[in-house]
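*Asks:* Here it is, the structure in full.
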Amino acid sequence: MDENQVLDVLIIGSGPAGLSAAVYAMRANLSVLVAEKEYRGTGQIAESDQVDNYLGLPRMNGYDLGEAFREHAKNLGAEFYEGMADRFYVQDEKQEDANRIWNVHFTDGRTVQAKAVIYCAGAAHRRLGVDGEDEFAGKGVSYCAVCDGAFYRGKETAVIGGGDTALGDALYLSDLCDKVYLIHRRDEFRGSASAVQQLREKDNVEILTSAAPAKIVGEQTVTALELKDGRSIPVNGAFVAVGMQPLTEPLRGVVDLDETGYVVADETGVTSAPGFFVAGDVRTKALRQVVTAVSDGANAAVSAAEYLKQYLQR
Ligand code: NAP
């Protein structure tokens with residue numbers, strides 16, 4: 001990375017949204033750098049054992065699909081930089097919208113300059129918020145079945161949550177564990193009906209609905225999950241899958257966020273700050289899927305290219 005270069009587009013995040021934005025921006029002949037935090041596969045998708053709803057590629061392993069996206073962007077010449085962006089500001093506070101340059105500071109002390117930023121940092125696992133969760137994190141409490149499931153081969157586990165992640169995790173673990181409890185606080189699932197049906201057909205899966213966790217208990221490692229109704233479920237592992245929260249902390253005061261922390265933007269990716277675009281799970285939207293992230297990335301890159309055309313004419 002040439003530190004003196006002012007890039008056309010700096011993309012934050014190398015999940016499906018960021019990589020799709022990179023492909024579209026490269027094809028628009030822009031200079032592109034993709035910043036990604038410590039590389040462990042391309043975002044959340046790398047944690048999915050199977051992505052079964054990406055058009056044309058059924059039953060695809062999530063990690064492999066992400067790697068194919070990355071390879072595509074790389075082959076077009078997109079450059080990558082491992083770093084965590086923690087501050088975004090325009091060069092001169094008084095600078096008007098025309099020809100502003102974004103400065104993006106990284107935790108390693110570097111600052112990258114770009115005419116446009118496309119922010120695609122995604123979301124992080126939400127915590128359950130019960131006693132024992134922190135104490136046993138990494139000692140029986142996990143947020144990623146695909147990453148940690150193999151440690152529970154032949155054991156008993158609980159998956160907590162009622163969305164697609166929880167259902168996918170329970171299915172994945174049912175092939176490894178002797179017994180899997182799926183524990184959901186309501187009696188209706190948020191995730192897909194077909195996955196619920198597959199789980200109902202599994203002999204080693206027990207579904208507990210209207211069951212709210214109260215406490216994760218153990219000694220050296222987890223031994224049980226206690227429910228608010230007083231029941232105690234004996235398990236060696238508790239997989240928490242209760243949703244995600246957007247990674248938008250560094251954007252406070254930079255762009256408009258909604259009350260839950262998502263960046264306010266429609267499918268064009270245009271935000272309240274000129275030259276700052278957003279794509280993927282971090283923006284306000286109804287459906288957070290790989291296919292919508294990929295679509296967002298394309299839209300945001302096209303919006304950025306349009307913005308840069310006007311930028312050059314000023
Ligand atoms: P989600 O859809 O937001 O579901 C979170 C689940 O956790 C909900 O069932 C919620 O219960 C429950 N929950 C939240 N806080 C809780 C708490 N404190 N205690 C107990 N339960 C709690 O999150 P997700 O499953 O991670 O999915 C996120 C997005 O990614 C969704 O749009 C999903 O469709 C998508 N996704 C898609 C796929 C796929 O298609 N292959 C795979 C994974 C994820 P309530 O239902 O009562 O609110």
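By order of appearance in the structure tokens: chains A, B, ..., then residues from 1 within every chain, and ligands from 1 in the order shown.
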Report as a PyMOL selection string which protein, DNA and RNA residues come within 6 Å of ligand 1, using only C-alpha atoms and all ligand atoms.
*Replies:* chain A and resi 51-52+128+161-166+185-186+189-190+212+241-244+287-289
*Asks:* Mind listing the strand (DSSP E) residues of range 16-183 of chain A, per DSSP on the backbone, as JSON, numbers by chain?
*Replies:* {"A": [32, 33, 34, 35, 36, 79, 80, 81, 82, 85, 86, 87, 88, 89, 90, 102, 103, 104, 105, 106, 111, 112, 113, 114, 115, 116, 117, 118, 119, 123, 124, 125, 141, 142, 156, 157, 158, 159, 160, 179, 180, 181, 182, 183]}
*Asks:* Of the candidates A:Ala116, A:Val217, A:Ala17, A:Ile45, which one gets nearest to Tyr63 in chain A if we count only C-alpha atoms?
*Replies:*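 So, comparing all the options, the nearest one is A:Ile45.
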*Asks:* Using only C-alpha atoms, which residues of range 11-44 of chain A come within 7 Å of range 117-127 of chain A, and what is the closest atom pair for each, with the distance in Å to one decimal? Give it as CSV, sorted by chain and residue number.
*Replies:*
residue,atom,partner,partner_atom,distance
A:Ile11,CA,A:Ile118,CA,4.8
A:Ile12,CA,A:Tyr119,CA,4.9
A:Gly13,CA,A:Ala121,CA,4.6
A:Ala17,CA,A:Cys120,CA,6.1
A:Gly18,CA,A:Cys120,CA,5.4
*Asks:* Counting only C-alpha atoms, which of A:Arg153, A:Lys37, A:Arg231, A:Arg100 gets nearest to Tyr311 in chain A?
*Replies:*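 Closest to Tyr311 in chain A, using only C-alpha atoms: A:Arg100.
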*Asks:* What lies within 9 Å of range 78-84 of chain A using only C-alpha atoms, ignoring chain neighbours under 3 positions off, as a PyMOL selection string?
*Replies:* chain A and resi 1+12+14+22-23+25-26+31-39+73-75+105-108+110
*Asks:* Just to be explicit: take each residue in the selection above, keep C-alpha atoms, and write the result as a compact mmCIF listing (two decimals), in the first residue's frame.
*Replies:*
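File written: selection_25.txt
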# COMPACT_ATOMS: atom_id res chain seq x y z
CA MET A 1 0.00 0.00 0.00
CA ILE A 12 -14.00 -1.57 4.72
CA SER A 14 -14.22 -8.34 2.96
CA ALA A 22 -14.61 -4.43 -5.01
CA VAL A 23 -15.53 -6.34 -8.17
CA ALA A 25 -15.37 -0.79 -8.45
CA MET A 26 -12.47 -2.56 -10.19
CA SER A 31 -8.28 2.31 -7.61
CA VAL A 32 -9.51 0.05 -4.83
CA LEU A 33 -8.18 -1.11 -1.49
CA VAL A 34 -10.14 -3.61 0.61
CA ALA A 35 -9.39 -3.37 4.33
CA GLU A 36 -10.22 -6.45 6.37
CA LYS A 37 -9.72 -7.17 10.03
CA GLU A 38 -7.62 -10.18 11.01
CA TYR A 39 -8.21 -12.70 8.22
CA ALA A 73 -12.01 -9.56 -6.57
CA LYS A 74 -8.31 -10.43 -6.32
CA ASN A 75 -8.11 -11.63 -9.92
CA HIS A 105 -7.33 5.74 10.67
CA PHE A 106 -6.46 2.13 11.55
CA THR A 107 -5.63 0.66 14.96
CA ASP A 108 -2.06 -0.06 13.76
CA ARG A 110 -1.81 4.02 9.70
*Asks:* Report as a PyMOL selection string all protein, DNA and RNA residues lying within 12 Å of Leu55 in chain A, evaluated on only C-alpha atoms, omitting residues in the same chain fewer than 5 positions from it.
*Replies:* chain A and resi 60+65+289-292+294
*Asks:* Mind writing the picked residues with all heavy atoms as a PDB file, in the first residue's frame?
*Replies:*
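Ended up saving to result.pdb:
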ATOM      1  N   MET A  60     -23.659 -25.036  -0.876  1.00  0.00           N
ATOM      2  CA  MET A  60     -22.271 -24.583  -0.952  1.00  0.00           C
ATOM      3  C   MET A  60     -21.761 -24.336   0.462  1.00  0.00           C
ATOM      4  O   MET A  60     -22.456 -23.744   1.287  1.00  0.00           O
ATOM      5  CB  MET A  60     -22.259 -23.271  -1.759  1.00  0.00           C
ATOM      6  CG  MET A  60     -20.912 -22.730  -2.069  1.00  0.00           C
ATOM      7  SD  MET A  60     -20.215 -23.531  -3.507  1.00  0.00           S
ATOM      8  CE  MET A  60     -18.683 -22.632  -3.665  1.00  0.00           C
ATOM      9  N   LEU A  65     -17.514 -20.515  -0.472  1.00  0.00           N
ATOM     10  CA  LEU A  65     -18.197 -19.486  -1.267  1.00  0.00           C
ATOM     11  C   LEU A  65     -17.508 -18.130  -1.064  1.00  0.00           C
ATOM     12  O   LEU A  65     -17.236 -17.403  -2.024  1.00  0.00           O
ATOM     13  CB  LEU A  65     -19.682 -19.407  -0.862  1.00  0.00           C
ATOM     14  CG  LEU A  65     -20.570 -18.464  -1.668  1.00  0.00           C
ATOM     15  CD1 LEU A  65     -20.553 -18.806  -3.162  1.00  0.00           C
ATOM     16  CD2 LEU A  65     -22.015 -18.500  -1.155  1.00  0.00           C
ATOM     17  N   GLN A 289     -29.055 -11.323   3.926  1.00  0.00           N
ATOM     18  CA  GLN A 289     -28.655 -12.596   3.343  1.00  0.00           C
ATOM     19  C   GLN A 289     -27.429 -12.347   2.466  1.00  0.00           C
ATOM     20  O   GLN A 289     -27.135 -11.200   2.121  1.00  0.00           O
ATOM     21  CB  GLN A 289     -29.788 -13.132   2.453  1.00  0.00           C
ATOM     22  CG  GLN A 289     -31.083 -13.365   3.178  1.00  0.00           C
ATOM     23  CD  GLN A 289     -31.135 -14.703   3.881  1.00  0.00           C
ATOM     24  OE1 GLN A 289     -31.024 -15.736   3.265  1.00  0.00           O
ATOM     25  NE2 GLN A 289     -31.287 -14.676   5.184  1.00  0.00           N
ATOM     26  N   VAL A 290     -26.756 -13.437   2.062  1.00  0.00           N
ATOM     27  CA  VAL A 290     -25.596 -13.279   1.188  1.00  0.00           C
ATOM     28  C   VAL A 290     -26.016 -12.576  -0.112  1.00  0.00           C
ATOM     29  O   VAL A 290     -25.351 -11.656  -0.584  1.00  0.00           O
ATOM     30  CB  VAL A 290     -24.950 -14.647   0.847  1.00  0.00           C
ATOM     31  CG1 VAL A 290     -23.749 -14.457  -0.049  1.00  0.00           C
ATOM     32  CG2 VAL A 290     -24.550 -15.379   2.118  1.00  0.00           C
ATOM     33  N   VAL A 291     -27.149 -13.017  -0.640  1.00  0.00           N
ATOM     34  CA  VAL A 291     -27.575 -12.471  -1.930  1.00  0.00           C
ATOM     35  C   VAL A 291     -27.873 -10.971  -1.833  1.00  0.00           C
ATOM     36  O   VAL A 291     -27.569 -10.201  -2.764  1.00  0.00           O
ATOM     37  CB  VAL A 291     -28.774 -13.283  -2.506  1.00  0.00           C
ATOM     38  CG1 VAL A 291     -30.046 -13.048  -1.718  1.00  0.00           C
ATOM     39  CG2 VAL A 291     -28.991 -13.003  -3.965  1.00  0.00           C
ATOM     40  N   THR A 292     -28.433 -10.512  -0.698  1.00  0.00           N
ATOM     41  CA  THR A 292     -28.721  -9.072  -0.581  1.00  0.00           C
ATOM     42  C   THR A 292     -27.430  -8.296  -0.286  1.00  0.00           C
ATOM     43  O   THR A 292     -27.291  -7.143  -0.683  1.00  0.00           O
ATOM     44  CB  THR A 292     -29.799  -8.768   0.489  1.00  0.00           C
ATOM     45  OG1 THR A 292     -29.345  -9.242   1.761  1.00  0.00           O
ATOM     46  CG2 THR A 292     -31.112  -9.415   0.147  1.00  0.00           C
ATOM     47  N   VAL A 294     -24.453  -9.099  -1.530  1.00  0.00           N
ATOM     48  CA  VAL A 294     -23.781  -9.018  -2.830  1.00  0.00           C
ATOM     49  C   VAL A 294     -24.428  -7.916  -3.679  1.00  0.00           C
ATOM     50  O   VAL A 294     -23.740  -7.110  -4.317  1.00  0.00           O
ATOM     51  CB  VAL A 294     -23.853 -10.401  -3.533  1.00  0.00           C
ATOM     52  CG1 VAL A 294     -23.514 -10.307  -4.999  1.00  0.00           C
ATOM     53  CG2 VAL A 294     -22.931 -11.391  -2.821  1.00  0.00           C
TER      54      VAL A 294
END
*Asks:* Using only C-alpha atoms, which of the listed residues (A:Ala137, A:Leu251, A:Ala293, A:Val159) sits closest to Gly43 in chain A?
*Replies:*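 Comparing A:Ala137, A:Leu251, A:Ala293, A:Val159 against Gly43 in chain A, the winner is A:Ala293.
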*Asks:* Could you tell me how far CA of Val180 in chain A sits from CA of Leu227 in chain A, in Å to one decimal place?
*Replies:*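 Spanning CA of Leu227 in chain A to CA of Val180 in chain A is a straight-line distance of 15.7 Å.
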*Asks:* Identify all residues of range 29-249 of chain A in helix (DSSP H, G or I) (DSSP on the backbone) and supply them as a VMD selection string.
*Replies:* chain A and resid 43 to 47 62 to 75 145 to 152 164 to 174 193 to 200 249
